[in-house]
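Written below as structure tokens is the structure these notes are about.
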Amino acid sequence: MNQTREGEADTVVVLGYAAASCEECVRLMLRYIALDRSESSGDQPLSGAYVLGPDSVPIAGEVICEQGIIRCEKSTTEAAALALQVTLDQEQLDQFDDGQELIDGITLCPLGELTLQTCLLPERDRPYLLVLELARHRMMMFLNRLEEWQAFDIPESTPVMRLFGLARSAFTDALVSASDSIEPDSNAARLGMRALWIAIEASERLTLLIAQRDFQQRMSGEMYISIADDGPKINKKAKPVLHPSRGGVVLPQKPAIGCSVSPAVFDYRTKQALEKSCDFITMPMRWIEMEPREGEYEYAPTDRWIEWAIRTAKIPVVAGPLIDFRPTSVPDWLYIWENDYETLRELVYEHIKALVTRYRRTVTRWTVCSGLHTGEHFKLSFEQMMDLTRICVLLVRKLHPRATMQIEITQPWGEYHTTDRQSLPPTLYAEMLSQAGVQIDAFALRLQMGSCGQGQSTRDLMSFSALLDHYATLDRPLSISAIGAPAQPMTDQNPDCPKAGHWRQPWSDAAQAQWMSAISAIALSKPYVQSFCWHDLAETKWAPTEMTAGGLLGAKYHPRPSFDRLVEARNAVTAGVFPARVASLDVLGIQSGQSSVVQG
């Protein structure tokens, strides 16, 4: 009997999956043979790994690596999936690939260090081969995306489909080679790794090709006009409409591009950079900067930026999050009230009232609160999370009724929930707000990758695109309120901290720029994404910063290559033309001329 999520059964059967028989399901822990048995000689938690249940919701559990066997100690006997960080670098590639051409000049290249996952699997008396299950999930994901993106009409002769055919062939051979004595260096493992590698390459190419198709349809207005009831034109009063087949809303307007700027970096070079690259700016308004001492507000640094934006640059201002309990945002004096919710709520009320009253004539959109669902730093019960969110939204709505409002979702993959059961999964938090009738205009996503912090591990392009589609089912516009990656490798001395990972190559100025081009093209092509905002213009040593080396401007505010890529993305939106370097797949480290535009 197959045990999969609803809608996955047909796909998984096609891939040859058959679960263990009832006699084999003897309530043992879910176990996997690791990719490399030399990774661990002791019994210790596997950093960055967590257990998933149906709908990719993290469940309570611990992932242990012992003598090359990965053991998932979970809170349920039902089928579960494993997500973990996998290194797919040149050293791993050399173990099974001879460097020969696959098709049309395409050879396998390093993919980076990525967080991947398996399908939902039942317990059985022998361990699964991890690489085989990772490959199975990736191919299932590829087929599911083809269906959801309505792209089954892509010709089999195109490079992306031929690559997927190679991956499926390698996976079939791996299944045939698998036996009870599977080892990490077995033929089945090598074939499984080859299947995984090619499948990820094919999935990233498919993601960019679909982005190119949807980008052109969105920017021209074709997608909106084809499903709207307002007639053949888009006017100023046009409203979002639900997509009849793909889910989510379709916005009539083109997406806006912006950047978050710290009040501490007010300089003629930073102002010039913003004028050149942004349609709007985001003022973070961190509590620690706005009210460093209780009752004493320091408005001047924020005032000068907002005054410049409104009077000189004449660009809109997005403010917030107003309430954010991350360590870099909370003033020291607030900690004495972290266990007194009634007092904390009153302080939050007065703080929001002070900021909104002061800036309501200049701010057009408010990010009201951020990350309350994670329970990070300040532990709140479910009732307190919902109550505080509702109070914040109602207060901003009362003080500034004409403004648009959004709630920011942090760590949107939800890894934190597997170890903190008092928290809420991010999608459940968003759904509960909708059901409770909290009147917000959009959900905002904070999507930072490549850092050692929880929830900031690196993901591939298809996982990123699929995540956006998942949140689109909330039927509200989405804002990418803070997105970013570093321009240098991240390291952390804490062994319990998840590794940062990287995409395609170790983080550098060039790697950050290539990632920026690919990620922005995907996000801007989504018909429900209303804005795309880089998380930091320029980092400083004397003020809170989002990420080390994560700014668009480096030393002495000198533009990094990623700054030019943001300008390219903005120009592409204005012209309605997909960015050339993404269309040519140069961002994947290959030569131009190998892309194939998906039609229809």
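Within each chain, counting starts at residue 1; across the structure tokens, chains are named A, B, ... in the order shown, with ligands numbered 1 upward in that order.
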
Shell around stretch 47-52 of chain A at 10 Å using only C-alpha atoms, local window under 4 positions removed, as a PyMOL selection string | chain A and resi 56-65+70+72-75+79-86+115-120+414-419+452-457+495-500

Those of stretch 372-564 of chain A in DSSP helix (DSSP H, G or I), formatted as a VMD selection string = chain A and resid 372 to 374 382 to 399 415 to 418 426 to 435 461 to 472 509 to 525 555 to 557 561 to 564

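A straight line drawn from atom CA of A:Thr374 to atom CA of A:Tyr341 is 16.3 Å long.
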
Nearby residues (only C-alpha atoms) at most 12 Å from stretch 92-102 of chain A, same-chain spacing under 5 positions excluded, as a ChimeraX atom specification | /A:35-36,86-87,107-113,159-160,162-167,170,184-198,201-202

Counting only C-alpha atoms, the residue of A:Ser262, A:Val131, A:Glu338, A:Gln90 that sits nearest A:Arg504 =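 Selected residue with least distance to A:Arg504: A:Gln90.
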
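Restricting the calculation to only C-alpha atoms, the smallest distance between A:Pro292 and any of A:Leu208, A:Leu114, A:Leu129, A:Ala543 is found for A:Ala543.
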
Could you tell me which of A:Ser479, A:Thr389, A:Gln505, A:Ser562 comes closest to A:Leu445 if we count only C-alpha atoms?
-> A:Ser479

Closest of A:Glu289, A:Glu148, A:Glu91, A:Asp214 to A:Tyr528 - atom-to-atom distances counting only C-alpha atoms = A:Asp214

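The spacing separating atom CA of A:Ile210 from atom CA of A:Ser226 amounts to 18.1 Å.
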
Two-atom distance - atom CA of A:Arg293, atom CA of A:Ser329 (Å) = 13.1 Å

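The residue that comes closest to A:Pro327, out of A:His502, A:Lys254, A:Arg459, A:Arg286 and on the basis of only C-alpha atoms, is A:Arg286.
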
Name the closest residue to A:His377 among the candidates A:Leu334, A:Ile409, A:Leu468, A:Ile154; distances are taken between atoms, counting only C-alpha atoms.
->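 The shortest atom-to-atom distance to A:His377 comes from A:Leu334.
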
Name the residues in contact with A:Pro284 at a cut-off of 9 Å, using only C-alpha atoms, excluding same-chain residues fewer than 5 positions from it; report them as a PyMOL selection string.
-> chain A and resi 260-263+318-322+367

Could you please write out, as a list in words, every residue of stretch 218-333 of chain A that DSSP assigns to strand (DSSP E or B)?
->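 These are the residues in question: Val241, Leu242, Val249, Val250, Ala256, Ile257, Gly258, Cys259, Ser260, Phe280, Ile281, Thr282, Met283, Arg293, Glu296, Val317, Val318, Ala319, Ile323 and Asp324 of chain A.
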
What does the file look like for those residues with C-alpha atoms, as a PDB file, in the first residue's frame?
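Written out: selection.pdb:
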```pdb
ATOM      1  CA  VAL A 241      -8.421  38.471  -9.663  1.00  0.00           C
ATOM      2  CA  LEU A 242      -8.131  34.794  -8.787  1.00  0.00           C
ATOM      3  CA  VAL A 249      -4.284  36.031  -7.394  1.00  0.00           C
ATOM      4  CA  VAL A 250      -3.186  37.808 -10.555  1.00  0.00           C
ATOM      5  CA  ALA A 256       7.828  47.158  -7.695  1.00  0.00           C
ATOM      6  CA  ILE A 257      11.501  46.768  -6.757  1.00  0.00           C
ATOM      7  CA  GLY A 258      12.970  48.217  -3.587  1.00  0.00           C
ATOM      8  CA  CYS A 259      15.638  47.921  -0.932  1.00  0.00           C
ATOM      9  CA  SER A 260      15.727  48.200   2.845  1.00  0.00           C
ATOM     10  CA  PHE A 280      10.508  52.361  -3.239  1.00  0.00           C
ATOM     11  CA  ILE A 281      12.549  52.181  -0.059  1.00  0.00           C
ATOM     12  CA  THR A 282      11.863  50.238   3.108  1.00  0.00           C
ATOM     13  CA  MET A 283      12.613  51.816   6.483  1.00  0.00           C
ATOM     14  CA  ARG A 293      15.810  53.838  26.059  1.00  0.00           C
ATOM     15  CA  GLU A 296      13.021  58.239  24.654  1.00  0.00           C
ATOM     16  CA  VAL A 317       8.206  54.576   1.631  1.00  0.00           C
ATOM     17  CA  VAL A 318       7.366  51.186   3.132  1.00  0.00           C
ATOM     18  CA  ALA A 319       7.860  51.126   6.907  1.00  0.00           C
ATOM     19  CA  ILE A 323       7.022  44.856  15.887  1.00  0.00           C
ATOM     20  CA  ASP A 324       9.860  42.378  15.458  1.00  0.00           C
TER      21      ASP A 324
END
```

Long-range neighbours of A:Gly221 as a PDB file with C-alpha atoms, in the first residue's frame, 10 Å cut-off, only C-alpha atoms, 2 positions minimum in chain:
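Okay, around_15.pdb is ready:
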```pdb
ATOM      1  CA  PHE A 215       7.316  37.106 -16.942  1.00  0.00           C
ATOM      2  CA  GLN A 216       6.386  38.066 -20.474  1.00  0.00           C
ATOM      3  CA  GLN A 217       2.702  37.283 -19.959  1.00  0.00           C
ATOM      4  CA  ARG A 218       2.567  39.243 -16.728  1.00  0.00           C
ATOM      5  CA  MET A 219       4.435  42.360 -17.846  1.00  0.00           C
ATOM      6  CA  MET A 223      -2.254  37.053 -18.078  1.00  0.00           C
ATOM      7  CA  TYR A 224      -4.499  39.497 -16.208  1.00  0.00           C
ATOM      8  CA  ILE A 225      -6.616  40.492 -19.224  1.00  0.00           C
ATOM      9  CA  SER A 226      -7.259  36.855 -20.151  1.00  0.00           C
ATOM     10  CA  PRO A 232      -9.618  44.231 -22.456  1.00  0.00           C
ATOM     11  CA  LYS A 233      -7.773  47.052 -20.659  1.00  0.00           C
ATOM     12  CA  ILE A 234      -6.139  47.518 -17.272  1.00  0.00           C
ATOM     13  CA  VAL A 250      -3.186  37.808 -10.555  1.00  0.00           C
ATOM     14  CA  LEU A 251      -2.276  41.455 -10.061  1.00  0.00           C
ATOM     15  CA  PRO A 252      -2.954  44.064 -12.748  1.00  0.00           C
ATOM     16  CA  GLN A 253       0.117  46.158 -11.917  1.00  0.00           C
ATOM     17  CA  LYS A 254       3.741  45.373 -12.565  1.00  0.00           C
ATOM     18  CA  PRO A 527       1.524  37.118 -11.024  1.00  0.00           C
ATOM     19  CA  GLY A 576       8.672  44.107 -20.091  1.00  0.00           C
TER      20      GLY A 576
END
```
